[in-house]
>>> print(open('structure.txt').read())   # compact mmCIF, C-alpha atoms
# COMPACT_ATOMS: atom_id res chain seq x y z
CA ARG V 1 14.12 16.12 11.55
CA ALA V 2 12.99 13.99 8.59
CA ARG V 3 9.85 16.07 8.15
CA GLY V 4 11.89 19.28 8.10
CA PHE V 5 14.23 17.80 5.51
CA PHE V 6 11.42 16.85 3.12
CA GLU V 7 9.48 20.07 3.72
CA GLY V 8 12.62 22.00 2.80
CA GLY V 9 13.11 19.78 -0.23
CA LEU V 10 9.52 20.35 -1.28
CA GLN V 11 9.96 24.12 -1.15
CA LEU V 12 13.21 24.00 -3.12
CA THR V 13 11.90 21.65 -5.81
CA ARG V 14 8.75 23.72 -6.25
CA GLU V 15 10.80 26.89 -6.62
CA ALA V 16 12.96 25.12 -9.21
CA GLY V 17 9.92 23.85 -11.10
CA ASP V 18 10.98 20.21 -10.59
CA ILE V 19 7.51 18.77 -10.19
CA ARG V 20 8.52 15.12 -10.12
CA SER V 21 10.98 15.68 -7.26
CA SER V 22 8.28 17.70 -5.51
CA ALA V 23 5.98 14.68 -5.74
CA VAL V 24 8.68 12.43 -4.27
CA CYS V 25 8.90 14.81 -1.31
CA LEU V 26 5.11 14.70 -0.98
CA ILE V 27 5.16 10.89 -0.86
CA ASN V 28 7.83 10.92 1.85
CA LEU V 29 5.91 13.52 3.84
CA GLY V 30 2.83 11.34 3.50
CA ASP V 31 4.78 8.39 4.92
CA ILE V 32 5.84 10.50 7.89
CA ALA V 33 2.26 11.65 8.47
CA MET V 34 1.14 8.01 8.49
CA LEU V 35 3.77 7.11 11.07
CA GLU V 36 2.47 10.01 13.17
CA ASN V 37 -1.13 8.75 12.67
CA ASP V 38 -2.07 12.03 10.99
CA LEU V 39 -4.19 10.29 8.37
CA ASP V 40 -5.95 13.39 7.04
CA ARG V 41 -2.64 15.10 6.27
CA ALA V 42 -1.25 11.88 4.81
CA SER V 43 -4.24 11.51 2.50
CA ASP V 44 -3.99 15.10 1.24
CA LEU V 45 -0.25 14.81 0.57
CA LEU V 46 -0.58 11.49 -1.23
CA LYS V 47 -3.50 12.65 -3.38
CA GLU V 48 -1.39 15.58 -4.55
CA ALA V 49 1.60 13.31 -5.16
CA TYR V 50 -0.51 10.93 -7.25
CA ASP V 51 -1.88 13.76 -9.38
CA VAL V 52 1.62 15.11 -10.05
CA MET V 53 3.06 11.69 -10.91
CA ILE V 54 0.26 11.07 -13.41
CA GLN V 55 0.90 14.54 -14.85
CA VAL V 56 4.57 13.76 -15.51
CA GLY V 57 3.87 10.21 -16.68
CA ASP V 58 5.58 8.44 -13.77
CA THR V 59 3.15 5.56 -13.27
CA GLN V 60 5.62 3.66 -11.07
CA SER V 61 5.66 6.41 -8.44
CA ALA V 62 1.92 6.98 -8.93
CA GLY V 63 1.42 3.36 -7.92
CA ASN V 64 3.47 3.98 -4.79
CA ALA V 65 1.35 7.00 -3.87
CA LEU V 66 -1.88 5.02 -4.39
CA ALA V 67 -0.61 2.15 -2.26
CA ASN V 68 0.14 4.54 0.58
CA ARG V 69 -3.33 6.05 0.23
CA ALA V 70 -4.75 2.54 0.49
CA GLN V 71 -2.92 2.13 3.77
CA VAL V 72 -4.39 5.43 4.97
CA GLU V 73 -7.90 4.22 4.17
CA LEU V 74 -7.19 0.93 5.92
CA GLY V 75 -6.19 2.92 8.98
CA ARG V 76 -9.45 4.86 8.77
CA GLY V 77 -11.45 1.65 8.50
CA ASN V 78 -12.58 2.41 4.95
CA LEU V 79 -11.91 -1.08 3.66
CA THR V 80 -13.76 -0.73 0.36
CA ASP V 81 -11.75 2.37 -0.53
CA ALA V 82 -8.55 0.66 0.57
CA ALA V 83 -9.25 -2.34 -1.67
CA VAL V 84 -10.00 -0.21 -4.75
CA LEU V 85 -6.89 1.96 -4.33
CA LEU V 86 -4.69 -1.01 -3.56
CA ALA V 87 -5.81 -3.02 -6.58
CA GLU V 88 -5.08 -0.12 -8.90
CA SER V 89 -1.70 0.50 -7.26
CA ILE V 90 -0.73 -3.15 -7.82
CA ARG V 91 -1.71 -2.91 -11.49
CA LEU V 92 0.46 0.17 -11.92
CA SER V 93 3.43 -1.36 -10.11
CA ARG V 94 3.06 -4.56 -12.09
CA GLN V 95 3.41 -2.65 -15.35
CA SER V 96 6.94 -1.63 -14.40
CA ASP V 97 7.71 -4.86 -12.49
CA ASP V 98 8.31 -2.74 -9.38
CA ARG V 99 8.75 -5.57 -6.89
CA TYR V 100 9.78 -3.18 -4.14
CA SER V 101 6.33 -1.58 -4.25
CA ILE V 102 4.60 -4.91 -4.83
CA LEU V 103 6.12 -6.32 -1.64
CA HIS V 104 4.76 -3.41 0.39
CA GLN V 105 1.38 -3.56 -1.36
CA LEU V 106 1.02 -7.22 -0.43
CA ILE V 107 1.52 -6.33 3.23
CA THR V 108 -1.32 -3.83 3.00
CA ALA V 109 -3.45 -6.43 1.18
CA ALA V 110 -2.95 -8.86 4.06
CA GLY V 111 -4.13 -6.12 6.41
CA VAL V 112 -7.26 -5.58 4.33
CA PHE V 113 -8.04 -9.30 4.25
CA ASP V 114 -7.48 -9.62 8.00
CA ARG V 115 -9.86 -6.73 8.68
CA THR V 116 -12.53 -8.22 6.39
CA GLY V 117 -12.29 -11.59 8.16
CA ALA V 118 -10.46 -13.49 5.41
CA LEU V 119 -7.87 -14.74 7.87
CA GLU V 120 -6.52 -17.71 5.94
CA LEU V 121 -6.16 -15.54 2.85
CA ALA V 122 -4.25 -12.96 4.88
CA ALA V 123 -1.91 -15.72 6.08
CA THR V 124 -1.42 -16.90 2.49
CA VAL V 125 -0.51 -13.39 1.39
CA PHE V 126 2.00 -13.12 4.23
CA GLY V 127 3.54 -16.37 3.01
CA ARG V 128 3.97 -14.72 -0.40
CA VAL V 129 5.46 -11.64 1.29
CA GLU V 130 8.04 -13.78 3.10
CA ALA V 131 8.96 -15.61 -0.10
CA LEU V 132 9.24 -12.40 -2.15
CA GLN V 133 11.37 -10.76 0.50
CA ARG V 134 13.73 -13.73 0.50
CA GLU V 135 13.94 -13.58 -3.30
CA THR V 136 14.61 -9.84 -3.48
CA ASN V 137 16.26 -9.06 -0.14
CA ILE V 138 14.15 -5.87 0.06
CA ALA V 139 14.04 -3.97 3.36
CA ILE V 140 10.49 -3.23 4.49
CA ASN V 141 9.50 0.37 5.27
CA PRO V 142 8.58 1.36 8.85
CA THR V 143 4.88 1.95 8.08
CA GLU V 144 4.50 -1.49 6.53
CA LEU V 145 6.57 -3.12 9.28
CA ARG V 146 4.15 -1.69 11.83
CA LEU V 147 1.15 -2.90 9.83
CA MET V 148 2.70 -6.32 9.29
CA ALA V 149 3.37 -6.77 13.01
CA ALA V 150 -0.17 -5.75 13.97
CA THR V 151 -1.76 -7.98 11.34
CA MET V 152 0.36 -10.99 12.20
CA SER V 153 -0.41 -10.53 15.88
CA ASP V 154 -4.11 -10.54 15.08
CA LEU V 155 -3.79 -13.64 12.90
CA LYS V 156 -1.92 -15.49 15.65
CA ALA V 157 -4.70 -14.60 18.09
CA ARG V 158 -7.56 -15.61 15.78
CA LEU V 159 -6.24 -18.51 13.70
CA PRO V 160 -5.17 -21.91 15.07
CA ASP V 161 -1.45 -22.33 14.58
CA ASP V 162 -1.82 -25.20 12.10
CA GLN V 163 -4.08 -23.08 9.87
CA LEU V 164 -1.72 -20.13 10.11
CA GLN V 165 1.26 -22.26 9.13
CA GLN V 166 -0.71 -23.90 6.33
CA GLY V 167 -1.61 -20.47 4.93
CA LEU V 168 1.98 -19.23 5.15
CA GLY V 169 3.19 -22.36 3.41
CA ALA V 170 0.59 -22.07 0.66
CA GLY V 171 1.59 -18.48 -0.02
CA GLY V 172 5.25 -19.36 -0.11
CA ALA V 173 4.57 -22.05 -2.70
CA LEU V 174 2.79 -19.67 -5.10
CA ASP V 175 4.76 -18.21 -7.95
CA TYR V 176 4.94 -14.44 -8.38
CA ASP V 177 2.17 -13.97 -10.94
CA ALA V 178 -0.17 -16.48 -9.33
CA GLY V 179 0.18 -14.65 -6.02
CA LEU V 180 -0.68 -11.31 -7.61
CA GLU V 181 -3.69 -12.75 -9.43
CA LEU V 182 -4.95 -14.23 -6.15
CA VAL V 183 -4.63 -10.88 -4.41
CA LEU V 184 -6.23 -8.87 -7.22
CA SER V 185 -9.17 -11.27 -7.41
CA ALA V 186 -9.70 -11.09 -3.66
CA LEU V 187 -9.42 -7.30 -3.63
CA ALA V 188 -12.10 -7.11 -6.31
CA GLY V 189 -14.35 -9.07 -3.98
CA SER V 190 -13.47 -6.82 -1.05
CA SER V 191 -14.17 -3.67 -3.02
CA SER V 192 -17.66 -4.90 -3.91
CA ALA V 193 -18.57 -5.68 -0.30
CA PRO V 194 -21.03 -2.97 0.82
CA ALA V 195 -20.44 -3.07 4.56
CA SER V 196 -16.69 -2.67 4.69
CA SER V 197 -16.48 1.12 4.53
CA SER V 198 -18.28 3.84 6.41
CA SER V 199 -17.67 6.26 3.54
CA SER V 200 -17.22 4.13 0.45
CA SER V 201 -18.15 6.98 -1.85
CA SER V 202 -15.66 9.41 -0.34
CA SER V 203 -12.83 8.47 -2.70
CA SER V 204 -14.67 9.24 -5.90
CA SER V 205 -12.93 12.58 -6.32
CA ALA V 206 -10.96 13.50 -9.42
CA SER V 207 -7.74 12.35 -7.81
CA SER V 208 -9.11 8.90 -7.05
CA PRO V 209 -8.95 6.70 -10.13
CA PRO V 210 -11.78 4.27 -10.80
CA SER V 211 -10.93 0.62 -10.55
CA GLY V 212 -9.12 -0.45 -13.69
CA ALA V 213 -8.00 3.04 -14.71
CA THR V 214 -4.41 3.65 -15.69
>>> encode(input="structure.txt", output="structure tokens")
Amino acid sequence: RARGFFEGGLQLTREAGDIRSSAVCLINLGDIAMLENDLDRASDLLKEAYDVMIQVGDTQSAGNALANRAQVELGRGNLTDAAVLLAESIRLSRQSDDRYSILHQLITAAGVFDRTGALELAATVFGRVEALQRETNIAINPTELRLMAATMSDLKARLPDDQLQQGLGAGGALDYDAGLELVLSALAGSSSAPASSSSSSSSSSASSPPSGAT
């Protein structure tokens, strides 16, 4: 039902020439495709949404589209691509102080760190997620809730409980900017790791911004 609603909205907004609303529909359709594990479709929709948002100058929504693409690449196992996209999405969201998007981006970052073996760092990021959610009372989207549950389950299986709790506590004690700087620095390291992606050059298309681009 949700897919039909947004597909209908996409058709109507395109006919009306409302390109920004069309891009919003594309982002929502990308979210639905991710929930359905249709990662190829999700990637295509989100690439188009990003291009449109940049065209209309909506960097806040462009950051959202990039963050969702990062989650797609994480699901594909392309960790280098995920790190590059996620770092740029955080920079864009930080420009507009979009803490809703930042919260969700941090969840994806924890997933990237977990998959690259940086378990204590992933726990620290989750501690920052918990603190930020308490501060903002933001509801977490279904795709990120699923990722958060899977990542936390993995951390509980692989980290001793005292280390997990120490990491969560350390993240909770960080202030907002310090937490973001920690994540961005770690993502830069992840994106330079050669073995983390089976197709690390696949995201160098025109719709994939280089690290640091705005």
>>> closest_residue(input="structure.txt", among="V:Ala16, V:Ala67, V:Asp58, V:Leu174", to="Gly30 in chain V", atoms="only C-alpha atoms")
V:Ala67
>>> axis_aligned_box(input="structure.txt", around="range 129-142 of chain V", padding_each_side="5 Å", output="AutoDock Vina command-line options")
--center_x 10.9 --center_y -7.1 --center_z 2.7 --size_x 20.8 --size_y 27.0 --size_z 22.3
>>> residues_around(input="structure.txt", residues="Ile90 in chain V", least_positions_apart="3", cutoff="7 Å", atoms="only C-alpha atoms", output="list in words")
Gly63, Leu86, Ala87, Ser93, Arg94, Ile102 and Gln105 of chain V
>>> atom_distance(input="structure.txt", atom1="CA of Ala42 in chain V", atom2="CA of Ser191 in chain V")
21.7 Å
>>> residues_near_point(input="structure.txt", point="(8.0, 17.1, -7.2)", cutoff="12 Å", atoms="all atoms listed in the file", output="ChimeraX atom specification")
/V:6-7,9-29,45-46,48-56,58,61-62
>>> closest_residue(input="structure.txt", among="V:His104, V:Arg158, V:Arg91, V:Arg99", to="Glu181 in chain V", atoms="all atoms listed in the file")
V:Arg91
>>> closest_residue(input="structure.txt", among="V:Asp177, V:Asp114, V:Glu135, V:Asp40", to="Leu155 in chain V", atoms="only C-alpha atoms")
V:Asp114
>>> closest_residue(input="structure.txt", among="V:Ala188, V:Ala131, V:Leu106, V:Ala170", to="Glu144 in chain V", atoms="all atoms listed in the file")
V:Leu106
